[in-house]
Amino acid sequence: MDLDIQYTFRFADGREASFAIRLDAATLEPTVPVTDDTATWTRLAFHRCNHCPLDETVQRYCPLARSLVGTVAVLGDVLSYDQVATEVITPERRILCDTSAQNAISAMMGLIIATSGCPHMAFFKPMARFHLPFASEEETMYRAASMYLLGQYFRQQQGLPTELGFEGLVHLYRNVEIVNRAMANRLRAAAREDGTVNALVLLDMYAKTLPAVVEETLQELRPLYTAYL
């Protein structure tokens, strides 16, 4: 069974671009493979992350870069602050948002990156399964923390080491920052304008912000849990 998510971007000049993202509902892996192996910027050695665990002799291309080939091909000439009417259709809901191109592309890019096959991004597959585009910083923080603690619950069931804090989540986001920096360099080489690059920069802002404020932000939500205390 597949999980289908549709993104449609409608620009002020009448241009329209649609992306059908199809994922295996159980594994969250894309069911439509990327076939373009010609782009130099997708090679594993090109601006490779310094903590990449992949073996270049086995895997010549960066899975995350390859997952963004279609996005860059269609939206690589978009300016960050172009206005776009965005429609997102998931199995659960239909979302409409008038926003900047960088914000709209960032929402879709977050979904693609989490399911790209990059080992450092695989931890975010649960958030991709319950994709919520255009989430606020507070919503993203809540979802990331909830996802991580549920992961600890499943680890406990497997008899694996667990934690009730967020040191592990902070570590995951530190790794994401490294990936984002390298990927931004790839996109600068691939895109003609700054829309896709700045879309990634927006995602990176969350990665940089969360480790510094996760405990403080979650404490602000403490009054909501009075019934538990």
# chains A, B, ... in the order shown; residues from 1 in each chain; ligands from 1
$ select_by_dssp --residues "range 107-220 of chain A" --states "alpha helix (DSSP H)" --output "ChimeraX atom specification"
/A:107-114,125-129,137-157,167-190,195-220
$ select_by_dssp --residues "range 75-224 of chain A" --states "strand (DSSP E)" --output "PDB file with N, CA, C and O atoms, in the first residue's frame"
ATOM      1  N   GLN A  83       5.722  34.880  -4.836  1.00  0.00           N
ATOM      2  CA  GLN A  83       4.524  34.436  -4.120  1.00  0.00           C
ATOM      3  C   GLN A  83       3.900  33.244  -4.826  1.00  0.00           C
ATOM      4  O   GLN A  83       3.838  33.192  -6.062  1.00  0.00           O
ATOM      5  N   VAL A  84       3.460  32.276  -4.045  1.00  0.00           N
ATOM      6  CA  VAL A  84       2.919  31.054  -4.622  1.00  0.00           C
ATOM      7  C   VAL A  84       1.732  30.560  -3.799  1.00  0.00           C
ATOM      8  O   VAL A  84       1.777  30.542  -2.562  1.00  0.00           O
ATOM      9  N   ALA A  85       0.671  30.206  -4.500  1.00  0.00           N
ATOM     10  CA  ALA A  85      -0.483  29.565  -3.865  1.00  0.00           C
ATOM     11  C   ALA A  85      -0.196  28.070  -3.847  1.00  0.00           C
ATOM     12  O   ALA A  85      -0.053  27.448  -4.905  1.00  0.00           O
ATOM     13  N   THR A  86      -0.088  27.508  -2.665  1.00  0.00           N
ATOM     14  CA  THR A  86       0.326  26.110  -2.520  1.00  0.00           C
ATOM     15  C   THR A  86      -0.830  25.258  -2.032  1.00  0.00           C
ATOM     16  O   THR A  86      -1.533  25.623  -1.091  1.00  0.00           O
ATOM     17  N   GLU A  87      -1.023  24.127  -2.678  1.00  0.00           N
ATOM     18  CA  GLU A  87      -2.032  23.155  -2.267  1.00  0.00           C
ATOM     19  C   GLU A  87      -1.333  21.841  -1.947  1.00  0.00           C
ATOM     20  O   GLU A  87      -0.542  21.344  -2.745  1.00  0.00           O
ATOM     21  N   VAL A  88      -1.608  21.319  -0.769  1.00  0.00           N
ATOM     22  CA  VAL A  88      -1.037  20.040  -0.347  1.00  0.00           C
ATOM     23  C   VAL A  88      -2.191  19.087  -0.043  1.00  0.00           C
ATOM     24  O   VAL A  88      -3.075  19.416   0.753  1.00  0.00           O
ATOM     25  N   ILE A  89      -2.169  17.948  -0.673  1.00  0.00           N
ATOM     26  CA  ILE A  89      -3.207  16.940  -0.438  1.00  0.00           C
ATOM     27  C   ILE A  89      -2.549  15.694   0.147  1.00  0.00           C
ATOM     28  O   ILE A  89      -1.680  15.084  -0.482  1.00  0.00           O
ATOM     29  N   ARG A  94      -6.594  18.373   3.116  1.00  0.00           N
ATOM     30  CA  ARG A  94      -6.183  19.246   2.016  1.00  0.00           C
ATOM     31  C   ARG A  94      -5.837  20.599   2.621  1.00  0.00           C
ATOM     32  O   ARG A  94      -6.624  21.181   3.347  1.00  0.00           O
ATOM     33  N   ILE A  95      -4.633  21.071   2.330  1.00  0.00           N
ATOM     34  CA  ILE A  95      -4.130  22.305   2.936  1.00  0.00           C
ATOM     35  C   ILE A  95      -3.836  23.316   1.848  1.00  0.00           C
ATOM     36  O   ILE A  95      -3.189  23.007   0.842  1.00  0.00           O
ATOM     37  N   LEU A  96      -4.310  24.551   2.035  1.00  0.00           N
ATOM     38  CA  LEU A  96      -4.052  25.644   1.112  1.00  0.00           C
ATOM     39  C   LEU A  96      -3.274  26.727   1.843  1.00  0.00           C
ATOM     40  O   LEU A  96      -3.599  27.074   2.982  1.00  0.00           O
ATOM     41  N   CYS A  97      -2.254  27.261   1.192  1.00  0.00           N
ATOM     42  CA  CYS A  97      -1.443  28.294   1.847  1.00  0.00           C
ATOM     43  C   CYS A  97      -0.870  29.235   0.797  1.00  0.00           C
ATOM     44  O   CYS A  97      -0.237  28.779  -0.168  1.00  0.00           O
ATOM     45  N   ASP A  98      -1.091  30.533   0.968  1.00  0.00           N
ATOM     46  CA  ASP A  98      -0.445  31.546   0.135  1.00  0.00           C
ATOM     47  C   ASP A  98       0.794  32.014   0.873  1.00  0.00           C
ATOM     48  O   ASP A  98       0.705  32.575   1.970  1.00  0.00           O
ATOM     49  N   THR A  99       1.949  31.796   0.282  1.00  0.00           N
ATOM     50  CA  THR A  99       3.193  32.068   0.998  1.00  0.00           C
ATOM     51  C   THR A  99       4.315  32.325   0.000  1.00  0.00           C
ATOM     52  O   THR A  99       4.098  32.349  -1.218  1.00  0.00           O
ATOM     53  N   SER A 100       5.519  32.522   0.515  1.00  0.00           N
ATOM     54  CA  SER A 100       6.677  32.725  -0.352  1.00  0.00           C
ATOM     55  C   SER A 100       7.123  31.385  -0.930  1.00  0.00           C
ATOM     56  O   SER A 100       6.862  30.321  -0.362  1.00  0.00           O
TER      57      SER A 100
END
$ atom_distance --atom1 "CA of Thr27 in chain A" --atom2 "CA of Cys52 in chain A"
21.7 Å
$ closest_residue --among "A:Arg48, A:Phe166, A:Ala26, A:Gln6" --to "Ser146 in chain A" --atoms "only C-alpha atoms"
A:Phe166
$ residues_around --residues "Phe134 in chain A" --least-positions-apart "3" --cutoff "9 Å" --atoms "only C-alpha atoms" --output "ChimeraX atom specification"
/A:97,103-104,106-107
$ write_last_selection --atoms "all heavy atoms" --output "CSV table (one decimal), in the first residue's frame"
chain,number,residue,atom,x,y,z
A,97,CYS,N,-2.3,27.3,1.2
A,97,CYS,CA,-1.4,28.3,1.8
A,97,CYS,C,-0.9,29.2,0.8
A,97,CYS,O,-0.2,28.8,-0.2
A,97,CYS,CB,-0.3,27.6,2.7
A,97,CYS,SG,0.7,28.8,3.6
A,103,ASN,N,9.3,29.2,1.4
A,103,ASN,CA,8.5,28.6,2.5
A,103,ASN,C,7.7,27.4,1.9
A,103,ASN,O,7.7,26.3,2.6
A,103,ASN,CB,7.5,29.6,3.1
A,103,ASN,CG,7.0,29.1,4.5
A,103,ASN,OD1,7.7,28.5,5.2
A,103,ASN,ND2,5.7,29.3,4.7
A,104,ALA,N,7.2,27.5,0.7
A,104,ALA,CA,6.4,26.5,0.1
A,104,ALA,C,7.3,25.3,-0.3
A,104,ALA,O,7.0,24.1,0.0
A,104,ALA,CB,5.7,27.0,-1.1
A,106,SER,N,10.2,24.6,1.0
A,106,SER,CA,10.8,24.1,2.2
A,106,SER,C,9.9,23.0,2.8
A,106,SER,O,10.3,22.0,3.3
A,106,SER,CB,11.0,25.2,3.2
A,106,SER,OG,11.6,24.7,4.4
A,107,ALA,N,8.5,23.3,2.7
A,107,ALA,CA,7.6,22.3,3.3
A,107,ALA,C,7.7,21.0,2.6
A,107,ALA,O,7.7,19.9,3.2
A,107,ALA,CB,6.2,22.9,3.2
$ closest_residue --among "A:Ala101, A:Val72, A:Ala122, A:Ala128" --to "Leu3 in chain A" --atoms "only C-alpha atoms"
A:Ala128
$ atom_distance --atom1 "CA of Gly76 in chain A" --atom2 "CA of Thr196 in chain A"
6.2 Å
$ atom_distance --atom1 "CA of Asn185 in chain A" --atom2 "CA of Met205 in chain A"
15.9 Å
$ closest_residue --among "A:Leu210, A:Leu172, A:Ile113, A:Ile105" --to "Thr140 in chain A" --atoms "only C-alpha atoms"
A:Leu210
$ decode --residues "range 81-103 of chain A" --atoms "N, CA, C and O atoms" --output "PDB file, in the first residue's frame"
ATOM      1  N   TYR A  81      11.390  34.854  -2.861  1.00  0.00           N
ATOM      2  CA  TYR A  81      10.229  35.612  -2.404  1.00  0.00           C
ATOM      3  C   TYR A  81       9.129  35.732  -3.451  1.00  0.00           C
ATOM      4  O   TYR A  81       8.208  36.542  -3.297  1.00  0.00           O
ATOM      5  N   ASP A  82       9.209  34.912  -4.506  1.00  0.00           N
ATOM      6  CA  ASP A  82       8.060  34.796  -5.403  1.00  0.00           C
ATOM      7  C   ASP A  82       6.869  34.304  -4.590  1.00  0.00           C
ATOM      8  O   ASP A  82       7.011  33.415  -3.743  1.00  0.00           O
ATOM      9  N   GLN A  83       5.722  34.880  -4.836  1.00  0.00           N
ATOM     10  CA  GLN A  83       4.524  34.436  -4.120  1.00  0.00           C
ATOM     11  C   GLN A  83       3.900  33.244  -4.826  1.00  0.00           C
ATOM     12  O   GLN A  83       3.838  33.192  -6.062  1.00  0.00           O
ATOM     13  N   VAL A  84       3.460  32.276  -4.045  1.00  0.00           N
ATOM     14  CA  VAL A  84       2.919  31.054  -4.622  1.00  0.00           C
ATOM     15  C   VAL A  84       1.732  30.560  -3.799  1.00  0.00           C
ATOM     16  O   VAL A  84       1.777  30.542  -2.562  1.00  0.00           O
ATOM     17  N   ALA A  85       0.671  30.206  -4.500  1.00  0.00           N
ATOM     18  CA  ALA A  85      -0.483  29.565  -3.865  1.00  0.00           C
ATOM     19  C   ALA A  85      -0.196  28.070  -3.847  1.00  0.00           C
ATOM     20  O   ALA A  85      -0.053  27.448  -4.905  1.00  0.00           O
ATOM     21  N   THR A  86      -0.088  27.508  -2.665  1.00  0.00           N
ATOM     22  CA  THR A  86       0.326  26.110  -2.520  1.00  0.00           C
ATOM     23  C   THR A  86      -0.830  25.258  -2.032  1.00  0.00           C
ATOM     24  O   THR A  86      -1.533  25.623  -1.091  1.00  0.00           O
ATOM     25  N   GLU A  87      -1.023  24.127  -2.678  1.00  0.00           N
ATOM     26  CA  GLU A  87      -2.032  23.155  -2.267  1.00  0.00           C
ATOM     27  C   GLU A  87      -1.333  21.841  -1.947  1.00  0.00           C
ATOM     28  O   GLU A  87      -0.542  21.344  -2.745  1.00  0.00           O
ATOM     29  N   VAL A  88      -1.608  21.319  -0.769  1.00  0.00           N
ATOM     30  CA  VAL A  88      -1.037  20.040  -0.347  1.00  0.00           C
ATOM     31  C   VAL A  88      -2.191  19.087  -0.043  1.00  0.00           C
ATOM     32  O   VAL A  88      -3.075  19.416   0.753  1.00  0.00           O
ATOM     33  N   ILE A  89      -2.169  17.948  -0.673  1.00  0.00           N
ATOM     34  CA  ILE A  89      -3.207  16.940  -0.438  1.00  0.00           C
ATOM     35  C   ILE A  89      -2.549  15.694   0.147  1.00  0.00           C
ATOM     36  O   ILE A  89      -1.680  15.084  -0.482  1.00  0.00           O
ATOM     37  N   THR A  90      -2.932  15.354   1.362  1.00  0.00           N
ATOM     38  CA  THR A  90      -2.470  14.138   2.027  1.00  0.00           C
ATOM     39  C   THR A  90      -3.673  13.207   2.194  1.00  0.00           C
ATOM     40  O   THR A  90      -4.810  13.621   1.942  1.00  0.00           O
ATOM     41  N   PRO A  91      -3.461  11.972   2.604  1.00  0.00           N
ATOM     42  CA  PRO A  91      -4.614  11.087   2.808  1.00  0.00           C
ATOM     43  C   PRO A  91      -5.608  11.624   3.840  1.00  0.00           C
ATOM     44  O   PRO A  91      -6.789  11.269   3.815  1.00  0.00           O
ATOM     45  N   GLU A  92      -5.131  12.467   4.758  1.00  0.00           N
ATOM     46  CA  GLU A  92      -5.990  12.945   5.845  1.00  0.00           C
ATOM     47  C   GLU A  92      -6.634  14.309   5.584  1.00  0.00           C
ATOM     48  O   GLU A  92      -7.682  14.611   6.133  1.00  0.00           O
ATOM     49  N   ARG A  93      -5.985  15.164   4.768  1.00  0.00           N
ATOM     50  CA  ARG A  93      -6.484  16.533   4.649  1.00  0.00           C
ATOM     51  C   ARG A  93      -5.978  17.221   3.389  1.00  0.00           C
ATOM     52  O   ARG A  93      -5.057  16.737   2.726  1.00  0.00           O
ATOM     53  N   ARG A  94      -6.594  18.373   3.116  1.00  0.00           N
ATOM     54  CA  ARG A  94      -6.183  19.246   2.016  1.00  0.00           C
ATOM     55  C   ARG A  94      -5.837  20.599   2.621  1.00  0.00           C
ATOM     56  O   ARG A  94      -6.624  21.181   3.347  1.00  0.00           O
ATOM     57  N   ILE A  95      -4.633  21.071   2.330  1.00  0.00           N
ATOM     58  CA  ILE A  95      -4.130  22.305   2.936  1.00  0.00           C
ATOM     59  C   ILE A  95      -3.836  23.316   1.848  1.00  0.00           C
ATOM     60  O   ILE A  95      -3.189  23.007   0.842  1.00  0.00           O
ATOM     61  N   LEU A  96      -4.310  24.551   2.035  1.00  0.00           N
ATOM     62  CA  LEU A  96      -4.052  25.644   1.112  1.00  0.00           C
ATOM     63  C   LEU A  96      -3.274  26.727   1.843  1.00  0.00           C
ATOM     64  O   LEU A  96      -3.599  27.074   2.982  1.00  0.00           O
ATOM     65  N   CYS A  97      -2.254  27.261   1.192  1.00  0.00           N
ATOM     66  CA  CYS A  97      -1.443  28.294   1.847  1.00  0.00           C
ATOM     67  C   CYS A  97      -0.870  29.235   0.797  1.00  0.00           C
ATOM     68  O   CYS A  97      -0.237  28.779  -0.168  1.00  0.00           O
ATOM     69  N   ASP A  98      -1.091  30.533   0.968  1.00  0.00           N
ATOM     70  CA  ASP A  98      -0.445  31.546   0.135  1.00  0.00           C
ATOM     71  C   ASP A  98       0.794  32.014   0.873  1.00  0.00           C
ATOM     72  O   ASP A  98       0.705  32.575   1.970  1.00  0.00           O
ATOM     73  N   THR A  99       1.949  31.796   0.282  1.00  0.00           N
ATOM     74  CA  THR A  99       3.193  32.068   0.998  1.00  0.00           C
ATOM     75  C   THR A  99       4.315  32.325   0.000  1.00  0.00           C
ATOM     76  O   THR A  99       4.098  32.349  -1.218  1.00  0.00           O
ATOM     77  N   SER A 100       5.519  32.522   0.515  1.00  0.00           N
ATOM     78  CA  SER A 100       6.677  32.725  -0.352  1.00  0.00           C
ATOM     79  C   SER A 100       7.123  31.385  -0.930  1.00  0.00           C
ATOM     80  O   SER A 100       6.862  30.321  -0.362  1.00  0.00           O
ATOM     81  N   ALA A 101       7.822  31.451  -2.048  1.00  0.00           N
ATOM     82  CA  ALA A 101       8.295  30.226  -2.692  1.00  0.00           C
ATOM     83  C   ALA A 101       9.229  29.445  -1.782  1.00  0.00           C
ATOM     84  O   ALA A 101       9.155  28.218  -1.710  1.00  0.00           O
ATOM     85  N   GLN A 102      10.109  30.141  -1.073  1.00  0.00           N
ATOM     86  CA  GLN A 102      11.055  29.428  -0.208  1.00  0.00           C
ATOM     87  C   GLN A 102      10.332  28.668   0.899  1.00  0.00           C
ATOM     88  O   GLN A 102      10.716  27.556   1.258  1.00  0.00           O
ATOM     89  N   ASN A 103       9.270  29.245   1.435  1.00  0.00           N
ATOM     90  CA  ASN A 103       8.504  28.583   2.487  1.00  0.00           C
ATOM     91  C   ASN A 103       7.738  27.385   1.929  1.00  0.00           C
ATOM     92  O   ASN A 103       7.676  26.319   2.560  1.00  0.00           O
TER      93      ASN A 103
END
